[in-house]
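A short worksheet on the structure shown next.
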Amino acid sequence: MSEAPAVPRPVSADLVHPAGLDLLLTPPRARTGWRVLPARVGAMCAVELQKLRHDRTELYTRAVQPALWLLIFGETFTRIKAIPTGGIPYLDYLAPGIIAQSAMFIAIFYGIMIIWERDAGILTKLLVTPTPRSALITGKAFAAGVKALIQAVVVVVIAALLGVAMTWNPLRLLGVAVAVVLGSAFFSCLSMTIAGIVLTRDRLMGIGQAITMPLFFGSNALYPVAVMPGWLQAISKINPLSYQVDALRGLLLGTPAHLALDFGVLVVAAALGILAASSLLGRLAR
């Protein structure tokens with residue numbers, strides 16, 4: 001009688017690694033370093049913009065001030081022709097400055113929000129996550145830039161309705177958007193840096209109100225640098241708002257501008273602002 005066929009020995013699952021099974025047995029390697037930074041920045045920016053989605057009141061109220069500047073100040077000084085603008089109507093000359101002003105006014109009080117997050121315990125929870133502090137600050141800074149960009153669109157629409165001769169070239173408008181975002185990123189980081197120093201909303205409000213008007217009037221937003229006294233010209237040269245206005249004016253109106261210098265200063269200012277605010281974020285959360 002022939003013997004029964006031998007039963008094959010079971011093969012251990014540990015010894016068999018089909019090509020498709022490796023993906024299930026081996027967890028994916030976590031992204032680290034610079035590769036994770038863009039995703040974290042984007043997530044923080046999205047979180048900040050969700051707040052705007054639930055409450056749009058700020059956008060409506062912020063549109064009132066630039067409209068008044070253009071309707072009252074711009075129209076009046078266009079009639080009296082008291083400020084030399086190189087042959088262009090004063091209202092046209094003023095519009096880019098008001099875009100920069102409205103963006104700065106949104107960003108300069110951004111530190112109040114981060115103090116509120118500290119008081120509510122949100123900031124402490126964010127700091128214990130693997131997200132780098134620089135990513136937290138960068139996300140908040142560029143969220144401020146997006147808010148300012150929405151405000152800039154409102155100002156551009158108002159200016160167009162008033163007859164301001166602006167370009168509609170898509171590449172130039174893209175440059176305008178970049179200038180607005182970079183300038184707003186710097187001023188929001190300046191606000192968060194001050195928040196990390198003073199630690200309270202009341203002090204930040206006082207300092208914010210004290211520096212906004214000198215920054216605005218110490219720039220070329222309302223008048224050319226050439227008509228300023230010497231000491232104010234020196235302040236204007238170190239004021240990032242002047243470079244933002246110069247870029248906006250050159251892109252929107254086609255006036256002579258130093259775009260390479262303007263964008264270079266804005267990029268460096270935004271980077272230094274992110275670095276300063278990141279270094280003080282831990283102190284704010286104590």
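Chain labels follow the order of the structure tokens: the first chain is A, the next B, and so on; residue numbering restarts at 1 in every chain, and ligands are counted from 1 in their shown order.
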
If you run DSSP on the backbone here, which positions in stretch 92-252 of chain A get helix (DSSP H, G or I)? Please write them as a ChimeraX atom specification. /A:92-107,110-120,122-127,133-161,170-198,201-217,225-227,230-237,240-252

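Closest approach to A:Val267 among A:Val245, A:Ile158, A:Ala185, A:Val176 is made by A:Ala185 (distances from only C-alpha atoms).
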
From atom CA of A:Ser184 to atom CA of A:Asp202 the spacing works out at 22.0 Å

As a PDB file with N, CA and C atoms, in the first residue's frame, please: the residues near A:Met113 (cut-off 10 Å, only C-alpha atoms, same-chain neighbours under 3 positions excluded).
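The resulting file, part_10.pdb, is reproduced below:
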```pdb
ATOM      1  N   PHE A 109      -2.212  94.824  14.970  1.00  0.00           N
ATOM      2  CA  PHE A 109      -2.858  94.416  16.219  1.00  0.00           C
ATOM      3  C   PHE A 109      -3.043  92.899  16.288  1.00  0.00           C
ATOM      4  N   TYR A 110      -2.305  92.170  15.469  1.00  0.00           N
ATOM      5  CA  TYR A 110      -2.444  90.718  15.437  1.00  0.00           C
ATOM      6  C   TYR A 110      -1.947  90.076  16.723  1.00  0.00           C
ATOM      7  N   TRP A 116      -4.791  86.585  23.492  1.00  0.00           N
ATOM      8  CA  TRP A 116      -6.072  85.960  23.814  1.00  0.00           C
ATOM      9  C   TRP A 116      -5.940  84.442  23.791  1.00  0.00           C
ATOM     10  N   GLU A 117      -5.229  83.898  22.821  1.00  0.00           N
ATOM     11  CA  GLU A 117      -5.016  82.447  22.769  1.00  0.00           C
ATOM     12  C   GLU A 117      -4.218  81.974  23.975  1.00  0.00           C
ATOM     13  N   ARG A 118      -3.263  82.793  24.431  1.00  0.00           N
ATOM     14  CA  ARG A 118      -2.522  82.434  25.644  1.00  0.00           C
ATOM     15  C   ARG A 118      -3.453  82.388  26.854  1.00  0.00           C
ATOM     16  N   ASP A 119      -4.319  83.387  27.000  1.00  0.00           N
ATOM     17  CA  ASP A 119      -5.227  83.442  28.140  1.00  0.00           C
ATOM     18  C   ASP A 119      -6.249  82.309  28.097  1.00  0.00           C
ATOM     19  N   LYS A 140       0.502  82.101  11.227  1.00  0.00           N
ATOM     20  CA  LYS A 140      -0.280  83.251  11.673  1.00  0.00           C
ATOM     21  C   LYS A 140       0.058  84.489  10.836  1.00  0.00           C
ATOM     22  N   SER A 191       3.889  92.869  15.683  1.00  0.00           N
ATOM     23  CA  SER A 191       2.885  92.899  16.735  1.00  0.00           C
ATOM     24  C   SER A 191       3.063  91.722  17.697  1.00  0.00           C
ATOM     25  N   MET A 192       3.321  90.521  17.159  1.00  0.00           N
ATOM     26  CA  MET A 192       3.505  89.352  18.021  1.00  0.00           C
ATOM     27  C   MET A 192       4.803  89.440  18.817  1.00  0.00           C
ATOM     28  N   ALA A 195       3.982  91.646  21.619  1.00  0.00           N
ATOM     29  CA  ALA A 195       3.162  90.874  22.559  1.00  0.00           C
ATOM     30  C   ALA A 195       4.039  89.993  23.443  1.00  0.00           C
ATOM     31  N   ARG A 201      -2.687  92.592  26.870  1.00  0.00           N
ATOM     32  CA  ARG A 201      -3.411  93.225  25.764  1.00  0.00           C
ATOM     33  C   ARG A 201      -3.467  94.740  25.901  1.00  0.00           C
TER      34      ARG A 201
END
```

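With only C-alpha atoms as the atoms that count, the residue of A:Gly254, A:Gly139, A:Gly183, A:Pro214 with the shortest distance to A:Ser102 is A:Gly183.
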
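Among the candidates A:Ile72, A:Ala165, A:Leu241, A:Ala100, the residue lying nearest to A:Val153 is A:Ala100 (atoms considered: only C-alpha atoms).
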
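Separating atom CA of A:Pro130 from atom CA of A:Leu266 is a distance of 28.9 Å.
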
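The protein and nucleic acid residues lying at most 12 Å from A:Leu127 are Glu117, Arg118, Gly121, Ile122, Pro132, Arg133, Ser134, Ala135, Leu136, Ile137, Ser278, Leu281, Gly282, Arg283, Leu284, Ala285 and Arg286 of chain A, with only C-alpha atoms considered and sequence neighbours fewer than 5 positions away removed.
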
What would the file look like if the residues just selected were written as a short mmCIF file (atom, residue, chain, number, x, y, z; two decimals), in the first residue's frame with all heavy atoms?
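Okay, selection39.cif is ready:
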```cif
data_model
loop_
_atom_site.label_atom_id
_atom_site.label_comp_id
_atom_site.auth_asym_id
_atom_site.auth_seq_id
_atom_site.Cartn_x
_atom_site.Cartn_y
_atom_site.Cartn_z
N GLU A 117 -5.23 83.90 22.82
CA GLU A 117 -5.02 82.45 22.77
C GLU A 117 -4.22 81.97 23.98
O GLU A 117 -4.46 80.88 24.49
CB GLU A 117 -4.30 82.07 21.47
CG GLU A 117 -5.15 82.24 20.22
CD GLU A 117 -4.41 81.90 18.96
OE1 GLU A 117 -3.17 81.70 19.03
OE2 GLU A 117 -5.05 81.81 17.89
N ARG A 118 -3.26 82.79 24.43
CA ARG A 118 -2.52 82.43 25.64
C ARG A 118 -3.45 82.39 26.85
O ARG A 118 -3.42 81.45 27.65
CB ARG A 118 -1.42 83.47 25.85
CG ARG A 118 -0.40 83.20 26.98
CD ARG A 118 -0.85 83.73 28.34
NE ARG A 118 -1.32 85.10 28.32
CZ ARG A 118 -0.52 86.16 28.44
NH1 ARG A 118 0.77 86.01 28.56
NH2 ARG A 118 -1.07 87.39 28.44
N GLY A 121 -5.66 79.34 26.94
CA GLY A 121 -4.98 78.05 27.03
C GLY A 121 -4.70 77.40 25.69
O GLY A 121 -4.15 76.29 25.64
N ILE A 122 -5.07 78.07 24.60
CA ILE A 122 -4.87 77.48 23.26
C ILE A 122 -3.39 77.47 22.89
O ILE A 122 -2.89 76.49 22.34
CB ILE A 122 -5.68 78.26 22.22
CG1 ILE A 122 -7.17 78.18 22.54
CG2 ILE A 122 -5.42 77.73 20.81
CD1 ILE A 122 -8.04 79.05 21.67
N PRO A 132 6.90 73.14 14.82
CA PRO A 132 7.92 74.10 15.24
C PRO A 132 7.30 75.47 15.50
O PRO A 132 6.30 75.85 14.91
CB PRO A 132 8.87 74.15 14.03
CG PRO A 132 8.59 72.92 13.25
CD PRO A 132 7.15 72.59 13.48
N ARG A 133 7.93 76.20 16.41
CA ARG A 133 7.41 77.54 16.74
C ARG A 133 7.45 78.46 15.53
O ARG A 133 6.58 79.29 15.35
CB ARG A 133 8.22 78.13 17.89
CG ARG A 133 8.06 77.38 19.19
CD ARG A 133 8.86 77.99 20.31
NE ARG A 133 8.68 77.23 21.55
CZ ARG A 133 9.23 77.57 22.71
NH1 ARG A 133 10.01 78.63 22.79
NH2 ARG A 133 9.02 76.83 23.78
N SER A 134 8.48 78.29 14.71
CA SER A 134 8.56 79.12 13.51
C SER A 134 7.39 78.86 12.57
O SER A 134 6.90 79.77 11.89
CB SER A 134 9.88 78.87 12.78
OG SER A 134 10.00 77.50 12.43
N ALA A 135 6.90 77.60 12.54
CA ALA A 135 5.75 77.28 11.69
C ALA A 135 4.48 77.91 12.25
O ALA A 135 3.63 78.39 11.50
CB ALA A 135 5.58 75.77 11.59
N LEU A 136 4.35 77.93 13.58
CA LEU A 136 3.18 78.59 14.19
C LEU A 136 3.14 80.07 13.83
O LEU A 136 2.11 80.60 13.42
CB LEU A 136 3.24 78.42 15.71
CG LEU A 136 3.05 77.00 16.26
CD1 LEU A 136 3.29 77.00 17.77
CD2 LEU A 136 1.67 76.47 15.95
N ILE A 137 4.29 80.73 14.00
CA ILE A 137 4.35 82.16 13.71
C ILE A 137 4.16 82.43 12.22
O ILE A 137 3.43 83.35 11.83
CB ILE A 137 5.68 82.73 14.21
CG1 ILE A 137 5.76 82.67 15.74
CG2 ILE A 137 5.87 84.17 13.73
CD1 ILE A 137 4.73 83.51 16.45
N SER A 278 9.18 84.20 16.86
CA SER A 278 9.36 82.80 17.26
C SER A 278 10.19 82.69 18.53
O SER A 278 9.91 81.85 19.39
CB SER A 278 10.01 82.00 16.12
OG SER A 278 9.23 82.05 14.95
N LEU A 281 8.00 83.49 21.57
CA LEU A 281 6.74 82.80 21.74
C LEU A 281 6.70 82.00 23.04
O LEU A 281 5.67 81.94 23.72
CB LEU A 281 6.50 81.86 20.54
CG LEU A 281 5.11 81.24 20.42
CD1 LEU A 281 4.05 82.32 20.29
CD2 LEU A 281 5.04 80.30 19.23
N GLY A 282 7.81 81.38 23.41
CA GLY A 282 7.86 80.63 24.66
C GLY A 282 7.66 81.51 25.87
O GLY A 282 7.00 81.13 26.84
N ARG A 283 8.22 82.71 25.83
CA ARG A 283 8.05 83.65 26.95
C ARG A 283 6.59 84.06 27.09
O ARG A 283 6.09 84.25 28.21
CB ARG A 283 8.92 84.89 26.73
CG ARG A 283 8.89 85.90 27.86
CD ARG A 283 9.87 87.03 27.60
NE ARG A 283 9.93 87.94 28.73
CZ ARG A 283 9.14 89.02 28.88
NH1 ARG A 283 8.25 89.30 27.94
NH2 ARG A 283 9.26 89.79 29.93
N LEU A 284 5.91 84.19 25.98
CA LEU A 284 4.50 84.58 26.01
C LEU A 284 3.64 83.50 26.65
O LEU A 284 2.63 83.79 27.29
CB LEU A 284 4.02 84.87 24.59
CG LEU A 284 2.60 85.40 24.41
CD1 LEU A 284 2.47 86.77 25.06
CD2 LEU A 284 2.24 85.49 22.94
N ALA A 285 4.03 82.23 26.49
CA ALA A 285 3.22 81.13 26.99
C ALA A 285 3.49 80.79 28.45
O ALA A 285 2.83 79.92 29.01
CB ALA A 285 3.45 79.90 26.12
N ARG A 286 4.47 81.40 29.08
CA ARG A 286 4.78 81.06 30.48
C ARG A 286 3.67 81.51 31.43
O ARG A 286 3.06 82.54 31.20
CB ARG A 286 6.09 81.74 30.89
CG ARG A 286 7.32 81.14 30.20
CD ARG A 286 8.55 81.92 30.53
NE ARG A 286 9.68 81.50 29.71
CZ ARG A 286 10.85 82.13 29.65
NH1 ARG A 286 11.04 83.23 30.36
NH2 ARG A 286 11.82 81.68 28.88
#
```

How many Å separate atom CA of A:Gly74 from atom CA of A:Arg172? 23.5 Å

Test item: residues at most 10 Å from A:Pro89, only C-alpha atoms, excluding those fewer than 2 positions along its chain, as a PyMOL selection string: chain A and resi 74-75+77-79+81+83-87+91-94+164-165

Taking 6 positions as the minimum chain separation for residues in the same chain, which residues sit within 9 Å of stretch 59-70 of chain A when counting only C-alpha atoms? Answer as a PyMOL selection string. chain A and resi 52+91+94-95+98-99+101-102+105-106+147+150-151+154-155+158-159+162

Here is a test: counting only C-alpha atoms, which residue of A:Ala82, A:Leu272, A:Ile108, A:Ala46 is nearest to A:Tyr223? A:Ala82
